[in-house]
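One file, my_file_7.cif, is given below (mmCIF, N, CA and C atoms).
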data_my_file
loop_
_atom_site.label_atom_id
_atom_site.label_comp_id
_atom_site.auth_asym_id
_atom_site.auth_seq_id
_atom_site.Cartn_x
_atom_site.Cartn_y
_atom_site.Cartn_z
N GLN A 1 14.13 -7.45 -1.31
CA GLN A 1 15.05 -6.88 -2.25
C GLN A 1 14.40 -6.81 -3.64
N THR A 2 13.74 -7.88 -4.03
CA THR A 2 13.09 -7.89 -5.34
C THR A 2 11.97 -6.85 -5.39
N LYS A 3 11.23 -6.72 -4.30
CA LYS A 3 10.16 -5.73 -4.24
C LYS A 3 10.73 -4.33 -4.42
N GLY A 4 11.87 -4.05 -3.80
CA GLY A 4 12.51 -2.75 -3.97
C GLY A 4 12.93 -2.51 -5.41
N GLU A 5 13.47 -3.53 -6.06
CA GLU A 5 13.85 -3.41 -7.47
C GLU A 5 12.62 -3.18 -8.35
N ILE A 6 11.53 -3.88 -8.03
CA ILE A 6 10.28 -3.69 -8.79
C ILE A 6 9.82 -2.24 -8.68
N ASP A 7 9.81 -1.72 -7.46
CA ASP A 7 9.36 -0.34 -7.26
C ASP A 7 10.26 0.65 -8.00
N GLU A 8 11.56 0.42 -7.91
CA GLU A 8 12.51 1.31 -8.57
C GLU A 8 12.33 1.27 -10.09
N THR A 9 12.19 0.08 -10.64
CA THR A 9 12.00 -0.06 -12.09
C THR A 9 10.67 0.54 -12.53
N ARG A 10 9.64 0.37 -11.71
CA ARG A 10 8.32 0.94 -12.04
C ARG A 10 8.39 2.47 -12.10
N VAL A 11 9.11 3.06 -11.15
CA VAL A 11 9.25 4.52 -11.14
C VAL A 11 9.98 4.99 -12.40
N LYS A 12 11.07 4.29 -12.75
CA LYS A 12 11.82 4.66 -13.96
C LYS A 12 10.96 4.51 -15.22
N ALA A 13 10.17 3.44 -15.29
CA ALA A 13 9.30 3.22 -16.45
C ALA A 13 8.23 4.31 -16.53
N GLU A 14 7.68 4.71 -15.38
CA GLU A 14 6.68 5.78 -15.36
C GLU A 14 7.30 7.10 -15.81
N GLN A 15 8.52 7.37 -15.36
CA GLN A 15 9.19 8.60 -15.77
C GLN A 15 9.41 8.60 -17.28
N LYS A 16 9.86 7.47 -17.80
CA LYS A 16 10.10 7.36 -19.23
C LYS A 16 8.79 7.55 -20.02
N LYS A 17 7.72 6.98 -19.51
CA LYS A 17 6.42 7.12 -20.16
C LYS A 17 5.96 8.57 -20.14
N ASN A 18 6.17 9.24 -19.00
CA ASN A 18 5.78 10.66 -18.89
C ASN A 18 6.60 11.52 -19.84
N GLU A 19 7.88 11.20 -20.00
CA GLU A 19 8.71 11.94 -20.96
C GLU A 19 8.17 11.75 -22.38
N ARG A 20 7.83 10.52 -22.71
CA ARG A 20 7.30 10.22 -24.04
C ARG A 20 6.00 10.97 -24.27
N LEU A 21 5.11 10.98 -23.27
CA LEU A 21 3.83 11.66 -23.41
C LEU A 21 4.00 13.18 -23.53
N SER A 22 4.98 13.71 -22.80
CA SER A 22 5.20 15.16 -22.86
C SER A 22 5.74 15.59 -24.22
N MET A 23 6.50 14.72 -24.89
CA MET A 23 7.03 15.04 -26.22
C MET A 23 6.02 14.73 -27.31
N GLY A 24 5.00 14.02 -26.94
CA GLY A 24 4.00 13.63 -27.93
C GLY A 24 4.22 12.18 -28.34
N GLU A 25 3.13 11.47 -28.52
CA GLU A 25 3.24 10.06 -28.85
C GLU A 25 3.51 9.88 -30.33
N PHE A 26 4.33 8.88 -30.61
CA PHE A 26 4.57 8.50 -31.99
C PHE A 26 3.80 7.23 -32.27
N LEU A 27 3.08 7.20 -33.35
CA LEU A 27 2.25 6.06 -33.70
C LEU A 27 2.74 5.45 -35.01
N ASN A 28 2.61 4.12 -35.12
CA ASN A 28 2.95 3.46 -36.39
C ASN A 28 1.73 3.46 -37.30
N GLU A 29 1.83 2.73 -38.42
CA GLU A 29 0.74 2.72 -39.40
C GLU A 29 -0.55 2.13 -38.83
N ASN A 30 -0.42 1.22 -37.85
CA ASN A 30 -1.60 0.55 -37.27
C ASN A 30 -2.20 1.35 -36.11
N GLY A 31 -1.63 2.46 -35.76
CA GLY A 31 -2.13 3.29 -34.67
C GLY A 31 -1.59 2.87 -33.31
N GLU A 32 -0.58 1.99 -33.28
CA GLU A 32 0.02 1.56 -32.01
C GLU A 32 1.11 2.53 -31.60
N THR A 33 1.23 2.71 -30.28
CA THR A 33 2.24 3.63 -29.75
C THR A 33 3.63 3.03 -29.92
N ILE A 34 4.56 3.86 -30.34
CA ILE A 34 5.95 3.43 -30.50
C ILE A 34 6.72 3.88 -29.27
N ILE A 35 7.41 2.92 -28.65
CA ILE A 35 8.24 3.25 -27.47
C ILE A 35 9.69 3.01 -27.84
N ASP A 36 10.58 3.72 -27.14
CA ASP A 36 12.00 3.54 -27.43
C ASP A 36 12.55 2.30 -26.73
N GLU A 37 13.78 1.98 -27.06
CA GLU A 37 14.40 0.75 -26.56
C GLU A 37 14.57 0.76 -25.04
N GLU A 38 14.90 1.90 -24.48
CA GLU A 38 15.11 2.00 -23.03
C GLU A 38 13.80 1.72 -22.28
N GLU A 39 12.70 2.27 -22.75
CA GLU A 39 11.40 2.04 -22.12
C GLU A 39 11.00 0.57 -22.24
N TYR A 40 11.28 -0.01 -23.42
CA TYR A 40 10.97 -1.43 -23.63
C TYR A 40 11.77 -2.30 -22.66
N GLU A 41 13.05 -1.98 -22.46
CA GLU A 41 13.89 -2.75 -21.53
C GLU A 41 13.37 -2.62 -20.09
N LEU A 42 12.92 -1.43 -19.73
CA LEU A 42 12.37 -1.24 -18.38
C LEU A 42 11.10 -2.07 -18.19
N ILE A 43 10.24 -2.07 -19.19
CA ILE A 43 9.00 -2.86 -19.10
C ILE A 43 9.32 -4.34 -19.04
N SER A 44 10.27 -4.78 -19.84
CA SER A 44 10.67 -6.19 -19.84
C SER A 44 11.29 -6.58 -18.50
N LYS A 45 12.16 -5.70 -17.98
CA LYS A 45 12.79 -5.97 -16.67
C LYS A 45 11.72 -6.04 -15.58
N LEU A 46 10.74 -5.17 -15.66
CA LEU A 46 9.66 -5.16 -14.67
C LEU A 46 8.88 -6.47 -14.69
N GLN A 47 8.59 -6.99 -15.86
CA GLN A 47 7.89 -8.27 -15.96
C GLN A 47 8.74 -9.42 -15.42
N ASP A 48 10.04 -9.40 -15.72
CA ASP A 48 10.94 -10.44 -15.20
C ASP A 48 11.01 -10.40 -13.67
N LEU A 49 11.11 -9.19 -13.14
CA LEU A 49 11.18 -9.04 -11.68
C LEU A 49 9.89 -9.52 -11.01
N LYS A 50 8.76 -9.25 -11.64
CA LYS A 50 7.49 -9.72 -11.07
C LYS A 50 7.43 -11.24 -11.07
N GLY A 51 7.95 -11.88 -12.11
CA GLY A 51 8.01 -13.35 -12.14
C GLY A 51 8.90 -13.90 -11.04
N ILE A 52 10.05 -13.26 -10.86
CA ILE A 52 10.98 -13.68 -9.78
C ILE A 52 10.30 -13.50 -8.43
N TYR A 53 9.61 -12.38 -8.27
CA TYR A 53 8.93 -12.10 -6.99
C TYR A 53 7.87 -13.16 -6.70
N ARG A 54 7.08 -13.53 -7.72
CA ARG A 54 6.06 -14.57 -7.52
C ARG A 54 6.70 -15.89 -7.11
N THR A 55 7.79 -16.26 -7.77
CA THR A 55 8.48 -17.51 -7.45
C THR A 55 9.02 -17.48 -6.03
N ASP A 56 9.66 -16.37 -5.66
CA ASP A 56 10.20 -16.23 -4.30
C ASP A 56 9.08 -16.25 -3.26
N PHE A 57 7.97 -15.60 -3.57
CA PHE A 57 6.86 -15.56 -2.63
C PHE A 57 6.27 -16.96 -2.42
N ASP A 58 6.11 -17.71 -3.51
CA ASP A 58 5.59 -19.07 -3.40
C ASP A 58 6.53 -19.95 -2.57
N GLU A 59 7.83 -19.79 -2.79
CA GLU A 59 8.81 -20.55 -2.01
C GLU A 59 8.74 -20.16 -0.54
N TRP A 60 8.62 -18.86 -0.27
CA TRP A 60 8.51 -18.39 1.11
C TRP A 60 7.27 -18.95 1.78
N LYS A 61 6.15 -18.95 1.05
CA LYS A 61 4.90 -19.47 1.61
C LYS A 61 5.04 -20.95 1.93
N SER A 62 5.70 -21.70 1.06
CA SER A 62 5.90 -23.12 1.27
C SER A 62 6.78 -23.36 2.51
N LEU A 63 7.85 -22.58 2.63
CA LEU A 63 8.73 -22.71 3.78
C LEU A 63 8.01 -22.33 5.08
N LYS A 64 7.20 -21.31 5.01
CA LYS A 64 6.44 -20.89 6.19
C LYS A 64 5.49 -22.00 6.64
N SER A 65 4.85 -22.65 5.68
CA SER A 65 3.96 -23.76 5.99
C SER A 65 4.74 -24.92 6.62
N GLU A 66 5.89 -25.21 6.07
CA GLU A 66 6.72 -26.30 6.60
C GLU A 66 7.21 -25.98 8.02
N ILE A 67 7.59 -24.74 8.24
CA ILE A 67 8.04 -24.33 9.58
C ILE A 67 6.89 -24.44 10.58
N SER A 68 5.71 -24.04 10.16
CA SER A 68 4.54 -24.13 11.03
C SER A 68 4.26 -25.59 11.39
N TYR A 69 4.35 -26.47 10.41
CA TYR A 69 4.14 -27.89 10.65
C TYR A 69 5.17 -28.44 11.64
N CYS A 70 6.44 -28.08 11.42
CA CYS A 70 7.50 -28.54 12.32
C CYS A 70 7.31 -27.99 13.73
N GLN A 71 6.90 -26.73 13.84
CA GLN A 71 6.67 -26.13 15.15
C GLN A 71 5.53 -26.85 15.86
N ASN A 72 4.51 -27.24 15.13
CA ASN A 72 3.40 -27.99 15.71
C ASN A 72 3.89 -29.34 16.23
N LEU A 73 4.75 -30.01 15.45
CA LEU A 73 5.32 -31.28 15.91
C LEU A 73 6.15 -31.11 17.17
N VAL A 74 6.94 -30.05 17.22
CA VAL A 74 7.75 -29.76 18.41
C VAL A 74 6.84 -29.56 19.61
N ASN A 75 5.77 -28.80 19.43
CA ASN A 75 4.84 -28.56 20.53
C ASN A 75 4.19 -29.86 21.01
N GLN A 76 3.80 -30.72 20.06
CA GLN A 76 3.20 -32.00 20.44
C GLN A 76 4.20 -32.87 21.21
N CYS A 77 5.44 -32.91 20.73
CA CYS A 77 6.46 -33.70 21.42
C CYS A 77 6.74 -33.15 22.81
N GLN A 78 6.77 -31.83 22.92
CA GLN A 78 6.99 -31.20 24.21
C GLN A 78 5.85 -31.55 25.17
N ASN A 79 4.63 -31.49 24.70
CA ASN A 79 3.49 -31.83 25.54
C ASN A 79 3.52 -33.30 25.96
N ARG A 80 3.87 -34.16 25.04
CA ARG A 80 3.95 -35.58 25.36
C ARG A 80 5.05 -35.83 26.39
N LEU A 81 6.18 -35.18 26.20
CA LEU A 81 7.28 -35.32 27.15
C LEU A 81 6.85 -34.86 28.54
N LEU A 82 6.15 -33.74 28.61
CA LEU A 82 5.69 -33.25 29.91
C LEU A 82 4.69 -34.21 30.55
N GLN A 83 3.78 -34.75 29.76
CA GLN A 83 2.82 -35.69 30.31
C GLN A 83 3.50 -36.96 30.81
N GLU A 84 4.42 -37.48 30.01
CA GLU A 84 5.12 -38.70 30.43
C GLU A 84 5.99 -38.44 31.66
N PHE A 85 6.59 -37.24 31.72
CA PHE A 85 7.35 -36.90 32.91
C PHE A 85 6.45 -36.82 34.12
N ASP A 86 5.27 -36.21 33.99
CA ASP A 86 4.33 -36.13 35.11
C ASP A 86 3.93 -37.51 35.59
N ILE A 87 3.66 -38.41 34.64
CA ILE A 87 3.30 -39.78 35.01
C ILE A 87 4.46 -40.45 35.74
N TRP A 88 5.65 -40.31 35.19
CA TRP A 88 6.82 -40.92 35.83
C TRP A 88 7.05 -40.32 37.22
N TYR A 89 6.95 -39.01 37.32
CA TYR A 89 7.18 -38.35 38.59
C TYR A 89 6.17 -38.80 39.64
N ASN A 90 4.90 -38.82 39.23
CA ASN A 90 3.86 -39.25 40.16
C ASN A 90 4.04 -40.71 40.57
N ASP A 91 4.38 -41.56 39.61
CA ASP A 91 4.62 -42.97 39.94
C ASP A 91 5.82 -43.13 40.85
N SER A 92 6.90 -42.41 40.58
CA SER A 92 8.14 -42.56 41.34
C SER A 92 8.02 -42.01 42.75
N TYR A 93 7.47 -40.83 42.91
CA TYR A 93 7.49 -40.19 44.22
C TYR A 93 6.24 -40.43 45.05
N SER A 94 5.16 -40.81 44.44
CA SER A 94 3.99 -41.14 45.25
C SER A 94 4.15 -42.53 45.86
N ASN A 95 4.93 -43.41 45.25
CA ASN A 95 5.15 -44.75 45.77
C ASN A 95 6.02 -44.74 47.02
N GLU A 96 6.86 -43.75 47.19
CA GLU A 96 7.72 -43.66 48.37
C GLU A 96 6.92 -43.38 49.63
N ASN A 97 5.78 -42.73 49.51
CA ASN A 97 4.97 -42.35 50.67
C ASN A 97 4.04 -43.46 51.14
N THR A 98 3.95 -44.57 50.43
CA THR A 98 3.03 -45.64 50.81
C THR A 98 3.73 -46.61 51.75
N THR A 99 2.96 -47.55 52.29
CA THR A 99 3.50 -48.51 53.25
C THR A 99 4.29 -49.61 52.58
N GLY A 100 4.16 -49.75 51.28
CA GLY A 100 4.98 -50.72 50.58
C GLY A 100 4.24 -51.94 50.11
N GLY A 101 2.97 -52.09 50.42
CA GLY A 101 2.20 -53.24 49.97
C GLY A 101 1.87 -53.13 48.50
N PRO A 102 1.73 -54.26 47.79
CA PRO A 102 1.45 -54.21 46.35
C PRO A 102 0.11 -53.56 46.05
N ASP A 103 -0.88 -53.77 46.91
CA ASP A 103 -2.18 -53.14 46.67
C ASP A 103 -2.10 -51.63 46.85
N ASP A 104 -1.28 -51.19 47.82
CA ASP A 104 -1.12 -49.76 48.04
C ASP A 104 -0.47 -49.09 46.83
N LEU A 105 0.51 -49.74 46.22
CA LEU A 105 1.20 -49.17 45.06
C LEU A 105 0.24 -48.97 43.90
N THR A 106 -0.59 -49.97 43.66
CA THR A 106 -1.51 -49.89 42.54
C THR A 106 -2.56 -48.81 42.78
N SER A 107 -3.12 -48.79 43.96
CA SER A 107 -4.19 -47.83 44.22
C SER A 107 -3.65 -46.40 44.29
N SER A 108 -2.46 -46.19 44.87
CA SER A 108 -1.95 -44.83 44.96
C SER A 108 -1.57 -44.31 43.58
N SER A 109 -1.07 -45.18 42.72
CA SER A 109 -0.72 -44.76 41.37
C SER A 109 -1.97 -44.38 40.59
N LYS A 110 -3.05 -45.11 40.75
CA LYS A 110 -4.30 -44.78 40.07
C LYS A 110 -4.86 -43.47 40.59
N ASN A 111 -4.81 -43.29 41.89
CA ASN A 111 -5.35 -42.06 42.48
C ASN A 111 -4.58 -40.84 42.00
N ASN A 112 -3.26 -40.95 41.88
CA ASN A 112 -2.46 -39.80 41.46
C ASN A 112 -2.69 -39.45 40.01
N ASN A 113 -2.94 -40.44 39.17
CA ASN A 113 -3.19 -40.15 37.75
C ASN A 113 -4.57 -39.57 37.55
N ASP A 114 -5.54 -39.98 38.35
CA ASP A 114 -6.91 -39.52 38.16
C ASP A 114 -7.17 -38.16 38.81
N SER A 115 -6.58 -37.92 39.97
CA SER A 115 -6.92 -36.69 40.69
C SER A 115 -5.66 -35.88 40.97
N ARG A 116 -5.20 -35.17 39.99
CA ARG A 116 -4.04 -34.30 40.15
C ARG A 116 -4.53 -32.95 40.66
N VAL A 117 -3.79 -32.37 41.59
CA VAL A 117 -4.15 -31.08 42.14
C VAL A 117 -3.28 -30.03 41.46
N TYR A 118 -3.91 -29.00 40.93
CA TYR A 118 -3.18 -27.94 40.23
C TYR A 118 -3.09 -26.72 41.14
N ASP A 119 -1.95 -26.04 41.06
CA ASP A 119 -1.71 -24.91 41.95
C ASP A 119 -2.58 -23.70 41.62
N ASP A 120 -2.70 -23.36 40.35
CA ASP A 120 -3.44 -22.15 40.01
C ASP A 120 -4.18 -22.32 38.68
N ALA A 121 -4.93 -21.30 38.31
CA ALA A 121 -5.74 -21.36 37.09
C ALA A 121 -4.87 -21.44 35.84
N ALA A 122 -3.74 -20.77 35.86
CA ALA A 122 -2.85 -20.80 34.68
C ALA A 122 -2.34 -22.21 34.42
N GLU A 123 -2.01 -22.91 35.49
CA GLU A 123 -1.53 -24.29 35.34
C GLU A 123 -2.66 -25.19 34.84
N ARG A 124 -3.87 -24.99 35.32
CA ARG A 124 -5.01 -25.76 34.84
C ARG A 124 -5.25 -25.49 33.37
N PHE A 125 -5.17 -24.21 32.98
CA PHE A 125 -5.37 -23.85 31.59
C PHE A 125 -4.31 -24.49 30.70
N GLU A 126 -3.07 -24.45 31.13
CA GLU A 126 -1.98 -25.05 30.35
C GLU A 126 -2.20 -26.55 30.20
N ARG A 127 -2.62 -27.21 31.25
CA ARG A 127 -2.88 -28.65 31.19
C ARG A 127 -4.02 -28.95 30.22
N MET A 128 -5.10 -28.15 30.29
CA MET A 128 -6.22 -28.37 29.38
C MET A 128 -5.79 -28.15 27.93
N GLN A 129 -4.97 -27.14 27.71
CA GLN A 129 -4.48 -26.87 26.35
C GLN A 129 -3.63 -28.02 25.83
N LYS A 130 -2.79 -28.57 26.67
CA LYS A 130 -1.96 -29.71 26.26
C LYS A 130 -2.82 -30.93 25.94
N GLU A 131 -3.82 -31.17 26.77
CA GLU A 131 -4.70 -32.32 26.53
C GLU A 131 -5.48 -32.13 25.24
N LEU A 132 -5.91 -30.91 24.96
CA LEU A 132 -6.63 -30.63 23.72
C LEU A 132 -5.74 -30.85 22.50
N LEU A 133 -4.50 -30.41 22.58
CA LEU A 133 -3.57 -30.60 21.48
C LEU A 133 -3.30 -32.09 21.25
N LEU A 134 -3.15 -32.83 22.30
CA LEU A 134 -2.89 -34.26 22.16
C LEU A 134 -4.11 -35.01 21.63
N SER A 135 -5.29 -34.53 21.99
CA SER A 135 -6.48 -35.23 21.50
C SER A 135 -6.70 -34.94 20.01
N ASP A 136 -6.23 -33.80 19.54
CA ASP A 136 -6.35 -33.47 18.11
C ASP A 136 -5.34 -34.27 17.32
#
Mind turning the file's structure into structure tokens?
Amino acid sequence: QTKGEIDETRVKAEQKKNERLSMGEFLNENGETIIDEEEYELISKLQDLKGIYRTDFDEWKSLKSEISYCQNLVNQCQNRLLQEFDIWYNDSYSNENTTGGPDDLTSSSKNNNDSRVYDDAAERFERMQKELLLSD
């Protein structure tokens, strides 16, 4: 919205300047160009709008950075949840298939954590990506 106002004000200021140039410039004793009150107000409004735009842009950039940080945290939590679920699932359901001895439980749980079988390349890639994110 501010950008639209800036563009609109700039066009009006340019039109006013062109009108002044077409009528001929008026100069004071020091050789400086004299502008009318309307043109001065347009120039002043344009400077104010540019200041507002800079402030809004900086705020937007800060919010974007904060959102990115929060999204990264969400992704890390999601990956951790998935990993912990996989560990829980493997521990819970791989133990049902054993004979029930304490040594069998320990060894089957170690084997399942070390040698997981992935269905396809996409799943392997996703797992590698999660592990990379967690290691960072």
May I have all residues of chain A that DSSP, computed from the backbone, assigns to helix (DSSP H, G or I), given as an MDAnalysis selection string?
chainID A and resid 2:23 37:97 102:114 121:135
Counting all atoms listed in the file, what are the residues of stretch 41-71 of chain A within 6.5 Å of stretch 5-8 of chain A, and for each of them which pair of atoms is the nearest and at what distance in Å, to one decimal? Sort the table by chain and rising number, as CSV.
residue,atom,partner,partner_atom,distance
A:Leu46,CA,A:Ile6,CA,6.1
A:Leu49,CA,A:Ile6,CA,6.1
A:Lys50,N,A:Ile6,CA,6.4
Expressed in Å to a single decimal, how great is the separation between atom C of A:Arg127 and atom CA of A:Asn79?
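About the pair atom C of A:Arg127 and atom CA of A:Asn79: they are 9.3 Å apart.
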Hey, can you check how far atom CA of A:Ile34 sits from atom C of A:Asn18?
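Value for the atom CA of A:Ile34-atom C of A:Asn18 distance: 13.4 Å.
Among A:Arg54, A:Ser135, A:Glu25, A:Thr9, the residue with the shortest atom-to-atom distance to A:Glu38, counting only C-alpha atoms, is A:Thr9.
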Closest of A:Tyr89, A:Cys77, A:Gly31, A:Leu42 to A:Lys12 - atom-to-atom distances counting only C-alpha atoms
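The closest residue to A:Lys12 is A:Leu42.
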